[in-house]
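Participant: Structure file data36.txt, compact mmCIF, C-alpha atoms and all ligand atoms, is pasted below:
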# COMPACT_ATOMS: atom_id res chain seq x y z
CA MET P 1 -34.92 26.54 22.20
CA LYS P 2 -35.83 30.19 21.90
CA GLN P 3 -33.51 32.75 20.31
CA GLN P 4 -33.66 34.83 23.53
CA SER P 5 -32.14 32.01 25.56
CA GLU P 6 -29.44 32.65 28.09
CA MET P 7 -26.30 30.74 27.31
CA ILE P 8 -23.17 30.11 29.32
CA LEU P 9 -20.08 29.11 27.38
CA ILE P 10 -17.41 27.47 29.49
CA GLY P 11 -14.12 28.29 27.75
CA GLY P 12 -13.05 31.52 26.08
CA GLY P 13 -10.69 30.25 23.39
CA LEU P 14 -11.18 30.46 19.67
CA ILE P 15 -14.08 28.00 19.55
CA GLY P 16 -15.84 29.64 22.51
CA LEU P 17 -15.48 33.13 21.07
CA SER P 18 -16.57 32.08 17.56
CA LEU P 19 -19.66 30.47 19.01
CA ALA P 20 -20.37 33.37 21.36
CA VAL P 21 -20.38 35.80 18.42
CA GLU P 22 -22.62 33.54 16.34
CA LEU P 23 -25.12 32.99 19.17
CA LYS P 24 -25.23 36.68 20.02
CA LEU P 25 -25.78 37.64 16.38
CA ARG P 26 -28.77 35.30 16.41
CA GLY P 27 -30.28 36.96 19.49
CA ALA P 28 -29.13 34.88 22.45
CA THR P 29 -27.81 36.34 25.70
CA VAL P 30 -24.28 34.99 26.04
CA THR P 31 -21.82 34.80 28.92
CA VAL P 32 -18.34 33.36 28.36
CA LEU P 33 -16.48 32.03 31.39
CA SER P 34 -12.78 31.98 30.52
CA ARG P 35 -10.09 30.69 32.87
CA ASN P 36 -7.04 31.91 30.99
CA GLN P 37 -7.37 32.94 27.41
CA GLN P 38 -3.59 32.97 26.97
CA GLU P 39 -3.58 29.18 27.31
CA ALA P 40 -6.07 28.60 24.50
CA ALA P 41 -4.92 26.34 21.67
CA GLY P 42 -6.19 28.93 19.19
CA LEU P 43 -3.51 31.33 20.38
CA VAL P 44 -0.77 28.78 20.00
CA ALA P 45 -1.40 27.40 16.51
CA ALA P 46 0.09 28.62 13.23
CA GLY P 47 -3.31 29.33 11.68
CA MET P 48 -3.13 26.95 8.72
CA LEU P 49 -6.42 26.15 7.01
CA ALA P 50 -5.11 22.92 5.62
CA PRO P 51 -7.53 20.04 5.17
CA GLN P 52 -5.67 18.93 2.06
CA ALA P 53 -2.10 19.43 3.27
CA GLU P 54 -3.01 17.66 6.53
CA GLN P 55 -4.15 14.71 4.34
CA ILE P 56 -7.42 14.24 6.18
CA PRO P 57 -8.93 11.09 4.65
CA SER P 58 -12.21 11.38 2.77
CA GLY P 59 -15.24 11.02 5.02
CA PRO P 60 -17.16 13.16 7.48
CA MET P 61 -14.07 14.84 8.96
CA LEU P 62 -12.83 15.98 5.56
CA ASP P 63 -16.36 17.14 4.67
CA LEU P 64 -16.51 19.16 7.89
CA CYS P 65 -13.07 20.68 7.29
CA LEU P 66 -13.82 21.56 3.66
CA ARG P 67 -17.11 23.14 4.62
CA SER P 68 -15.34 25.27 7.20
CA ARG P 69 -12.56 26.26 4.82
CA ALA P 70 -15.22 27.40 2.35
CA LEU P 71 -16.82 29.59 5.05
CA TYR P 72 -13.58 31.36 5.93
CA ASN P 73 -13.59 34.16 3.39
CA ASP P 74 -17.08 35.44 4.24
CA TRP P 75 -16.74 34.74 7.95
CA THR P 76 -13.51 36.73 8.35
CA ARG P 77 -14.79 39.53 6.12
CA LYS P 78 -17.92 39.85 8.28
CA LEU P 79 -15.82 39.98 11.46
CA GLU P 80 -13.50 42.55 9.91
CA GLU P 81 -16.42 44.75 8.85
CA MET P 82 -17.95 44.52 12.33
CA THR P 83 -14.74 45.48 14.12
CA GLY P 84 -12.55 47.40 11.67
CA LEU P 85 -9.74 44.95 12.54
CA GLU P 86 -7.83 42.53 10.33
CA THR P 87 -7.91 38.80 10.85
CA GLY P 88 -4.98 38.09 8.53
CA TYR P 89 -6.96 35.62 6.43
CA TRP P 90 -4.78 34.87 3.40
CA PRO P 91 -5.85 32.35 0.73
CA CYS P 92 -2.20 31.83 -0.19
CA GLY P 93 -2.29 28.08 -0.92
CA ILE P 94 -0.06 25.45 0.65
CA LEU P 95 2.96 23.82 -0.95
CA ALA P 96 3.86 20.40 0.48
CA PRO P 97 7.41 19.42 -0.56
CA VAL P 98 8.47 15.79 -0.07
CA TYR P 99 11.81 14.00 0.26
CA GLU P 100 10.66 10.75 -1.37
CA ARG P 101 8.78 10.60 -4.63
CA PRO P 102 5.35 8.95 -4.12
CA ASP P 103 4.39 5.99 -6.35
CA CYS P 104 1.26 7.80 -7.45
CA THR P 105 1.35 11.47 -8.35
CA THR P 106 -2.37 12.11 -8.52
CA LEU P 107 -4.69 12.51 -5.54
CA PRO P 108 -8.44 12.03 -5.40
CA GLN P 109 -9.94 15.43 -6.10
CA THR P 110 -13.11 17.39 -6.68
CA PRO P 111 -13.60 20.90 -8.08
CA GLU P 112 -13.20 22.24 -4.52
CA THR P 113 -10.06 20.21 -3.76
CA PRO P 114 -7.67 20.63 -6.70
CA SER P 115 -4.14 19.38 -6.15
CA TYR P 116 -1.09 19.33 -8.39
CA TRP P 117 2.06 17.23 -8.26
CA LEU P 118 5.20 19.24 -9.04
CA GLU P 119 8.52 17.62 -9.95
CA ARG P 120 11.66 19.14 -8.44
CA ASP P 121 12.22 21.67 -11.22
CA ALA P 122 8.61 22.78 -11.11
CA ILE P 123 8.46 23.08 -7.33
CA LEU P 124 11.70 25.10 -7.32
CA HIS P 125 10.23 27.34 -9.97
CA GLN P 126 7.18 27.90 -7.77
CA GLN P 127 9.26 28.27 -4.59
CA PRO P 128 12.97 29.03 -5.02
CA GLY P 129 15.27 28.14 -2.15
CA LEU P 130 13.85 24.78 -1.09
CA GLY P 131 16.35 22.31 0.39
CA ASN P 132 18.48 19.93 -1.68
CA ASP P 133 16.60 16.88 -0.40
CA VAL P 134 13.26 18.02 -1.85
CA VAL P 135 12.38 15.77 -4.82
CA GLY P 136 9.02 17.36 -5.64
CA GLY P 137 5.78 18.11 -3.87
CA TRP P 138 2.10 18.89 -3.89
CA TRP P 139 0.45 22.21 -4.48
CA PHE P 140 -2.89 22.75 -2.77
CA PRO P 141 -4.14 26.13 -4.04
CA GLN P 142 -7.35 26.11 -1.96
CA ASP P 143 -5.65 25.64 1.41
CA ALA P 144 -5.04 28.92 3.21
CA GLN P 145 -4.05 30.56 6.49
CA VAL P 146 -5.23 33.11 9.03
CA ASP P 147 -3.19 35.12 11.53
CA ASN P 148 -4.78 33.49 14.55
CA ARG P 149 -2.48 34.98 17.21
CA ARG P 150 -2.37 38.62 16.15
CA GLY P 151 -5.54 38.88 14.06
CA LEU P 152 -8.37 36.41 14.47
CA ILE P 153 -8.53 36.08 18.26
CA LYS P 154 -8.41 39.84 18.78
CA THR P 155 -11.06 40.35 16.11
CA LEU P 156 -13.35 37.78 17.72
CA GLN P 157 -12.84 39.27 21.20
CA THR P 158 -13.65 42.74 19.91
CA ALA P 159 -16.69 41.52 17.96
CA ALA P 160 -17.98 39.68 21.03
CA GLN P 161 -17.50 42.74 23.25
CA GLU P 162 -19.08 45.14 20.77
CA LEU P 163 -22.08 42.84 20.34
CA GLY P 164 -22.60 42.72 24.10
CA VAL P 165 -21.35 39.25 24.98
CA THR P 166 -20.33 39.15 28.65
CA ILE P 167 -16.79 37.77 28.83
CA ILE P 168 -15.48 36.99 32.30
CA GLU P 169 -11.72 36.37 32.13
CA GLY P 170 -9.78 34.72 34.96
CA ILE P 171 -12.65 32.61 36.29
CA THR P 172 -12.34 28.89 36.98
CA VAL P 173 -15.33 26.62 36.58
CA GLU P 174 -14.93 24.05 39.35
CA LYS P 175 -18.01 21.90 38.84
CA ILE P 176 -20.91 21.40 36.45
CA VAL P 177 -23.85 20.57 38.74
CA THR P 178 -26.48 18.22 37.29
CA SER P 179 -29.89 16.96 38.43
CA PRO P 180 -31.39 13.45 38.24
CA ASP P 181 -33.60 14.54 35.31
CA GLN P 182 -30.51 14.90 33.08
CA LYS P 183 -30.16 18.64 33.30
CA VAL P 184 -27.36 20.99 34.25
CA THR P 185 -28.67 23.19 37.04
CA GLU P 186 -25.67 25.49 37.56
CA VAL P 187 -21.93 25.81 37.32
CA GLN P 188 -19.84 26.41 40.41
CA THR P 189 -16.86 28.69 39.92
CA ASN P 190 -14.21 30.33 42.07
CA GLN P 191 -16.33 33.49 41.74
CA GLY P 192 -19.68 31.98 42.70
CA ILE P 193 -22.55 30.19 41.01
CA PHE P 194 -23.72 30.88 37.44
CA ARG P 195 -26.98 29.70 35.89
CA ALA P 196 -28.39 29.76 32.34
CA ASP P 197 -30.92 28.01 30.11
CA HIS P 198 -28.19 26.27 28.19
CA TYR P 199 -24.51 25.52 28.73
CA ILE P 200 -21.85 24.87 26.09
CA LEU P 201 -18.49 23.31 26.85
CA THR P 202 -15.65 24.85 24.80
CA THR P 203 -12.77 24.04 27.11
CA GLY P 204 -10.34 22.48 24.63
CA ALA P 205 -7.60 20.30 26.08
CA TRP P 206 -8.94 20.82 29.63
CA SER P 207 -12.41 19.35 28.92
CA GLY P 208 -11.67 16.11 30.74
CA GLU P 209 -11.23 18.06 33.99
CA LEU P 210 -14.94 18.94 34.03
CA LEU P 211 -16.64 16.02 32.32
CA SER P 212 -15.87 12.39 31.73
CA ILE P 213 -15.08 12.78 28.03
CA PRO P 214 -11.97 11.54 26.23
CA VAL P 215 -10.09 14.75 25.41
CA TYR P 216 -6.36 14.84 26.14
CA PRO P 217 -3.59 17.40 25.73
CA ARG P 218 -1.12 16.98 22.87
CA LYS P 219 1.70 19.44 23.35
CA GLY P 220 3.13 21.52 20.51
CA GLN P 221 6.24 23.72 20.64
CA MET P 222 6.60 26.50 18.08
CA LEU P 223 8.76 29.46 17.16
CA SER P 224 8.84 32.40 14.81
CA VAL P 225 11.53 34.18 12.82
CA ARG P 226 11.40 37.40 10.81
CA VAL P 227 12.51 38.11 7.25
CA PRO P 228 15.46 40.54 7.56
CA ASP P 229 14.77 44.14 6.53
CA ASP P 230 17.22 44.02 3.62
CA PHE P 231 14.95 41.62 1.67
CA LYS P 232 13.18 43.65 -1.02
CA SER P 233 10.18 41.31 -1.13
CA LEU P 234 8.86 38.42 0.89
CA PRO P 235 10.78 35.27 -0.02
CA LEU P 236 7.84 33.06 0.99
CA GLN P 237 4.31 33.83 -0.09
CA GLN P 238 2.73 30.44 0.48
CA VAL P 239 2.75 28.02 3.38
CA LEU P 240 5.35 25.21 3.26
CA PHE P 241 4.05 21.98 4.76
CA GLY P 242 6.82 19.43 5.11
CA SER P 243 7.37 16.21 6.97
CA ASN P 244 6.52 17.00 10.65
CA ILE P 245 7.22 20.69 10.03
CA TYR P 246 5.36 23.67 8.63
CA ILE P 247 6.55 27.14 7.78
CA VAL P 248 3.85 29.78 7.65
CA PRO P 249 4.78 33.23 6.30
CA ARG P 250 2.70 36.24 7.29
CA ARG P 251 2.31 39.23 5.03
CA ASP P 252 4.42 41.48 7.26
CA GLY P 253 7.52 39.25 7.18
CA LEU P 254 6.91 37.17 10.31
CA ILE P 255 7.35 33.43 9.71
CA VAL P 256 5.76 30.94 12.10
CA ILE P 257 7.35 27.49 12.39
CA GLY P 258 5.71 24.50 14.01
CA ALA P 259 5.18 22.19 15.61
CA THR P 260 6.16 19.31 17.82
CA SER P 261 3.49 16.77 18.73
CA GLU P 262 4.16 15.39 22.20
CA PRO P 263 2.02 13.13 24.40
CA VAL P 264 3.39 14.58 27.64
CA GLY P 265 0.19 15.65 29.38
CA PHE P 266 0.16 19.25 30.58
CA THR P 267 3.96 19.46 30.94
CA THR P 268 4.71 23.10 30.24
CA GLY P 269 7.75 24.73 28.70
CA LEU P 270 10.15 24.46 25.83
CA THR P 271 12.68 21.65 25.57
CA PRO P 272 16.07 21.65 23.84
CA GLN P 273 15.01 18.58 21.88
CA GLY P 274 11.74 20.19 20.75
CA VAL P 275 13.41 23.38 19.61
CA GLU P 276 16.33 21.54 17.99
CA THR P 277 13.93 19.33 16.01
CA LEU P 278 11.90 22.29 14.81
CA LEU P 279 14.96 24.24 13.71
CA SER P 280 16.69 21.37 11.93
CA ASP P 281 13.53 20.23 10.15
CA ALA P 282 12.70 23.78 9.08
CA ILE P 283 16.24 24.48 7.83
CA ARG P 284 16.32 21.20 5.89
CA LEU P 285 13.14 22.24 4.12
CA TYR P 286 13.98 25.90 3.56
CA PRO P 287 17.68 26.48 4.31
CA ILE P 288 17.76 30.29 4.19
CA LEU P 289 15.76 30.31 7.43
CA LYS P 290 19.01 29.64 9.32
CA GLU P 291 19.96 33.28 8.76
CA PHE P 292 16.68 34.85 9.85
CA PRO P 293 16.47 36.42 13.31
CA ILE P 294 14.42 34.47 15.83
CA GLN P 295 11.44 36.37 17.25
CA GLU P 296 9.73 34.14 19.77
CA PHE P 297 9.26 30.61 21.11
CA TRP P 298 6.07 29.27 22.67
CA TRP P 299 4.12 26.09 23.36
CA GLY P 300 0.57 24.94 23.96
CA PHE P 301 -1.81 22.02 24.11
CA ARG P 302 -3.98 20.69 21.30
CA PRO P 303 -7.18 18.95 22.45
CA GLU P 304 -6.84 15.38 21.17
CA THR P 305 -9.56 12.72 21.04
CA PRO P 306 -9.13 8.96 20.48
CA ASP P 307 -10.20 9.16 16.81
CA LEU P 308 -8.77 12.66 16.28
CA PHE P 309 -12.24 14.00 15.41
CA PRO P 310 -13.89 16.78 17.43
CA ILE P 311 -16.77 16.17 19.80
CA LEU P 312 -19.72 18.28 18.68
CA GLY P 313 -23.37 18.33 19.71
CA PRO P 314 -25.48 16.90 22.49
CA SER P 315 -24.18 15.48 25.75
CA SER P 316 -25.82 13.21 28.33
CA TRP P 317 -27.52 16.32 29.75
CA ASP P 318 -30.39 17.99 27.86
CA ASN P 319 -29.11 21.52 28.26
CA LEU P 320 -25.37 20.91 27.85
CA THR P 321 -23.80 20.95 24.39
CA LEU P 322 -20.22 20.00 23.55
CA ALA P 323 -17.82 21.73 21.15
CA VAL P 324 -14.42 20.35 22.10
CA GLY P 325 -11.57 18.13 20.88
CA HIS P 326 -10.66 19.93 17.66
CA TYR P 327 -7.08 18.60 17.90
CA ARG P 328 -4.97 19.94 14.97
CA ASN P 329 -7.86 21.68 13.26
CA GLY P 330 -9.39 24.14 15.71
CA ILE P 331 -8.62 27.26 13.71
CA LEU P 332 -9.92 25.66 10.53
CA LEU P 333 -13.08 24.33 12.18
CA ALA P 334 -14.07 27.46 14.11
CA PRO P 335 -16.64 28.86 11.62
CA VAL P 336 -18.37 25.56 10.89
CA THR P 337 -18.43 24.69 14.59
CA ALA P 338 -20.07 28.04 15.39
CA GLN P 339 -22.62 27.59 12.64
CA LEU P 340 -23.58 23.98 13.36
CA ILE P 341 -23.64 24.34 17.14
CA ALA P 342 -25.71 27.53 16.96
CA ASN P 343 -28.17 25.75 14.65
CA TRP P 344 -28.36 22.92 17.16
CA VAL P 345 -28.75 24.85 20.41
CA LEU P 346 -31.05 27.59 19.07
CA ASN P 347 -33.12 25.75 16.48
CA ALA P 348 -32.59 22.05 17.32
CA GLN P 349 -31.34 21.67 13.75
CA THR P 350 -29.20 18.58 13.38
CA ASP P 351 -27.08 18.74 10.30
CA PRO P 352 -26.40 15.19 9.04
CA LEU P 353 -22.68 15.85 9.47
CA LEU P 354 -23.02 16.51 13.21
CA HIS P 355 -24.14 12.95 13.81
CA HIS P 356 -20.59 11.70 13.14
CA PHE P 357 -19.11 13.85 15.88
CA ARG P 358 -21.42 13.02 18.79
CA SER P 359 -19.77 12.20 22.10
CA ASP P 360 -21.64 8.90 22.46
CA ARG P 361 -19.45 7.36 19.74
CA PHE P 362 -16.96 6.78 22.58
CA GLN P 363 -19.41 5.06 24.92
CA THR P 364 -17.73 1.68 24.66
CA LEU P 365 -14.49 3.32 25.80
CA ARG P 366 -15.84 4.32 29.20
N1 LIG F 1 -2.58 22.38 12.84
C1 LIG F 1 -1.25 22.00 12.97
C2 LIG F 1 -0.84 21.56 14.30
O1 LIG F 1 -1.67 21.32 15.16
O2 LIG F 1 0.34 21.43 14.54
Can I see the file as structure tokens?
Facilitator:
Amino acid sequence: MKQQSEMILIGGGLIGLSLAVELKLRGATVTVLSRNQQEAAGLVAAGMLAPQAEQIPSGPMLDLCLRSRALYNDWTRKLEEMTGLETGYWPCGILAPVYERPDCTTLPQTPETPSYWLERDAILHQQPGLGNDVVGGWWFPQDAQVDNRRGLIKTLQTAAQELGVTIIEGITVEKIVTSPDQKVTEVQTNQGIFRADHYILTTGAWSGELLSIPVYPRKGQMLSVRVPDDFKSLPLQQVLFGSNIYIVPRRDGLIVIGATSEPVGFTTGLTPQGVETLLSDAIRLYPILKEFPIQEFWWGFRPETPDLFPILGPSSWDNLTLAVGHYRNGILLAPVTAQLIANWVLNAQTDPLLHHFRSDRFQTLR
């Protein structure tokens, strides 16, 4: 495919915008069709870059996640230089306290994935104020975070606009029209028909509404609190990743707490049970939180796949590429997804890693 190709991206969330910027930087003409950017999973998440804390088993998924984590520093710096905005990337490390001591206190590691077991005294030295039930925990110094809601998305939107990507917000793609020779010919929307040389699906949890691919919503409820003004310094300067709960401090005193994981389809809204679980789990882990003023509650939908891996690369149609199903790792995987998919659609470069994420791995499911 030629660099000058015209591309339509269906979906204007974090993955769509990351890819739009990458394709435009490489010379393509890019249009993003976005139904409602406020719904995007990238705006809902806490922004952890946590392949180690998430305990992703070794294999292609961990390789993909580690490659993306390694891209983050340069990727965010480039976006910040282009726009003059801040993404909130913070290589602060992640501390994972536990309530039961594991039998084995070493993890498989490489130079890029160091991890350290800390006994209770040591973990309290590193992070004062942890709950009484904490018996120790893991320290993952290479895991990090980015301020996805207030920093990264805005930076990507601005970069895309300044580069000349056409972003149409508030448009619904109703149908992807295909021909018998395995090509997409056009997309029908509530604002008319759009055509391009190549189409890329970046529709997150809603992907199954347009194509027969196994991507399902997995709801998450979240909230934030703020460190009171009378604190002289930030009490948390690293992410806490506990059992079913994470506590993500931002540099300006906001603390994001997440998240439930609910197979309830697209059922919107907060629930008393969801909020109660978040608050009690967070307070058990880091009790002082119970005194911090609440800022906000919200919810959203992760795009889940049957094996929890994303779907990346070719589809059954020659000119339709897929970049969906990032589940719990969309923020982390944005830079590597943009890089690998741009290599594929513009240069037909198939990285050996991409092979593991093809959609046809699910063929027996259909
Ligand atoms: N990445 C964490 C979550 O999806 O809750």
Participant: With all atoms listed in the file as the counted atoms, please give the residues lying no more than 8 Å from region 60-63 of chain P, apart from itself and same-chain residues fewer than 6 positions off, as a ChimeraX atom specification.
Facilitator: /P:51,309,353,356
Participant: Could you give me the axis-aligned bounding box of region 131-138 of chain P, with 6 Å of padding per side, as centre plus edge lengths in Å to one decimal, as AutoDock Vina command-line options?
Facilitator:
--center_x 10.3 --center_y 19.0 --center_z -2.6 --size_x 28.4 --size_y 18.5 --size_z 18.0
Participant: Give one line per residue of chain P that approaches ligand LIG 1 (chain F) to at most 8 Å, naming the two atoms of the closest pair and their distance in Å to one decimal, counting only C-alpha atoms and all ligand atoms; sort by chain then ascending residue number and deliver it as a Markdown table.
Facilitator:
| residue | atom | partner | partner_atom | distance |
| --- | --- | --- | --- | --- |
| P:Ala45 | CA | F:LIG1 | O1 | 6.2 |
| P:Ala46 | CA | F:LIG1 | C1 | 6.8 |
| P:Gly47 | CA | F:LIG1 | N1 | 7.1 |
| P:Met48 | CA | F:LIG1 | N1 | 6.2 |
| P:Leu49 | CA | F:LIG1 | N1 | 7.9 |
| P:Ala50 | CA | F:LIG1 | N1 | 7.7 |
| P:Glu54 | CA | F:LIG1 | N1 | 7.9 |
| P:Gly220 | CA | F:LIG1 | O2 | 6.6 |
| P:Gly258 | CA | F:LIG1 | O2 | 6.2 |
| P:Ala259 | CA | F:LIG1 | O2 | 5.0 |
| P:Thr260 | CA | F:LIG1 | O2 | 7.0 |
| P:Ser261 | CA | F:LIG1 | O2 | 7.0 |
| P:Arg302 | CA | F:LIG1 | O1 | 6.6 |
| P:Tyr327 | CA | F:LIG1 | O1 | 6.6 |
| P:Arg328 | CA | F:LIG1 | O1 | 3.6 |
| P:Asn329 | CA | F:LIG1 | N1 | 5.3 |
| P:Gly330 | CA | F:LIG1 | N1 | 7.6 |
| P:Ile331 | CA | F:LIG1 | N1 | 7.8 |
Participant: Compile a residue-level contact table for region 227-252 of chain P against region 267-291 of chain P at a cut-off of 12 Å, reporting for every qualifying residue the shortest atom pair and its distance in Å to one decimal, with only C-alpha atoms counted, rows ordered by chain and ascending number, as CSV.
Facilitator:
residue,atom,partner,partner_atom,distance
P:Val227,CA,P:Leu289,CA,8.5
P:Pro228,CA,P:Glu291,CA,8.6
P:Phe231,CA,P:Ile288,CA,11.9
P:Pro235,CA,P:Ile288,CA,9.6
P:Leu236,CA,P:Tyr286,CA,9.8
P:Val239,CA,P:Tyr286,CA,11.4
P:Leu240,CA,P:Leu285,CA,8.4
P:Phe241,CA,P:Leu285,CA,9.1
P:Gly242,CA,P:Leu285,CA,7.0
P:Ser243,CA,P:Asp281,CA,8.0
P:Asn244,CA,P:Asp281,CA,7.7
P:Ile245,CA,P:Asp281,CA,6.3
P:Tyr246,CA,P:Ala282,CA,7.4
P:Ile247,CA,P:Ala282,CA,7.1
P:Val248,CA,P:Ala282,CA,10.8
P:Pro249,CA,P:Leu289,CA,11.4
Participant: Just checking: using only C-alpha atoms, which residue out of P:Thr172, P:Thr76, P:Thr203, P:Ser68 ends up closest to Val146 (chain P)?
Facilitator: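 Of P:Thr172, P:Thr76, P:Thr203, P:Ser68, the one nearest Val146 (chain P), counting only C-alpha atoms, is P:Thr76.
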Participant: Choose the residue, out of P:Asp252, P:Glu81, P:Glu262, P:Glu162, that has the smallest atom-to-atom separation from Ala20 (chain P); count all atoms listed in the file.
Facilitator: P:Glu162
Participant: Which residue is closest to Cys92 (chain P)? Choose from P:Lys183, P:Arg361, P:Arg250, P:His355 and count only C-alpha atoms.
Facilitator: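 Checking each of P:Lys183, P:Arg361, P:Arg250, P:His355 against Cys92 (chain P), counting only C-alpha atoms, the winner is P:Arg250.
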Participant: P:Gln191, P:Ser316, P:Asn347, P:Gln55: which is nearest Thr178 (chain P), counting all atoms listed in the file?
Facilitator: P:Ser316
Participant: With distances taken over all atoms listed in the file, which of P:Ala40, P:Val173, P:Leu71, P:Val32 is nearest to Thr337 (chain P)?
Facilitator: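 So, comparing all the options, the nearest one is P:Leu71.
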Participant: Please write as a list in words the list of polymer residues whose atoms come within 6 Å of (-4.6, 39.0, 8.5), counting only C-alpha atoms and keeping to the coordinates of the file.
Facilitator: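 In the file's frame, the residues around the point are Glu86, Thr87, Gly88, Tyr89, Val146, Asp147 and Gly151 of chain P.
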Participant: Measuring between all atoms listed in the file, which one of P:Arg150, P:Asn319, P:Ile255, P:Pro141 shows the shortest distance to Gln182 (chain P)?
Facilitator: P:Asn319
Participant: Mind pulling up the distance from CA of Pro97 (chain P) to CA of Gln127 (chain P)?
Facilitator: 9.9 Å
Participant: CA of Val44 (chain P) and CA of Val225 (chain P), how far apart in Å?
Facilitator: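 Pair CA of Val225 (chain P) / CA of Val44 (chain P) returns 15.2 Å.
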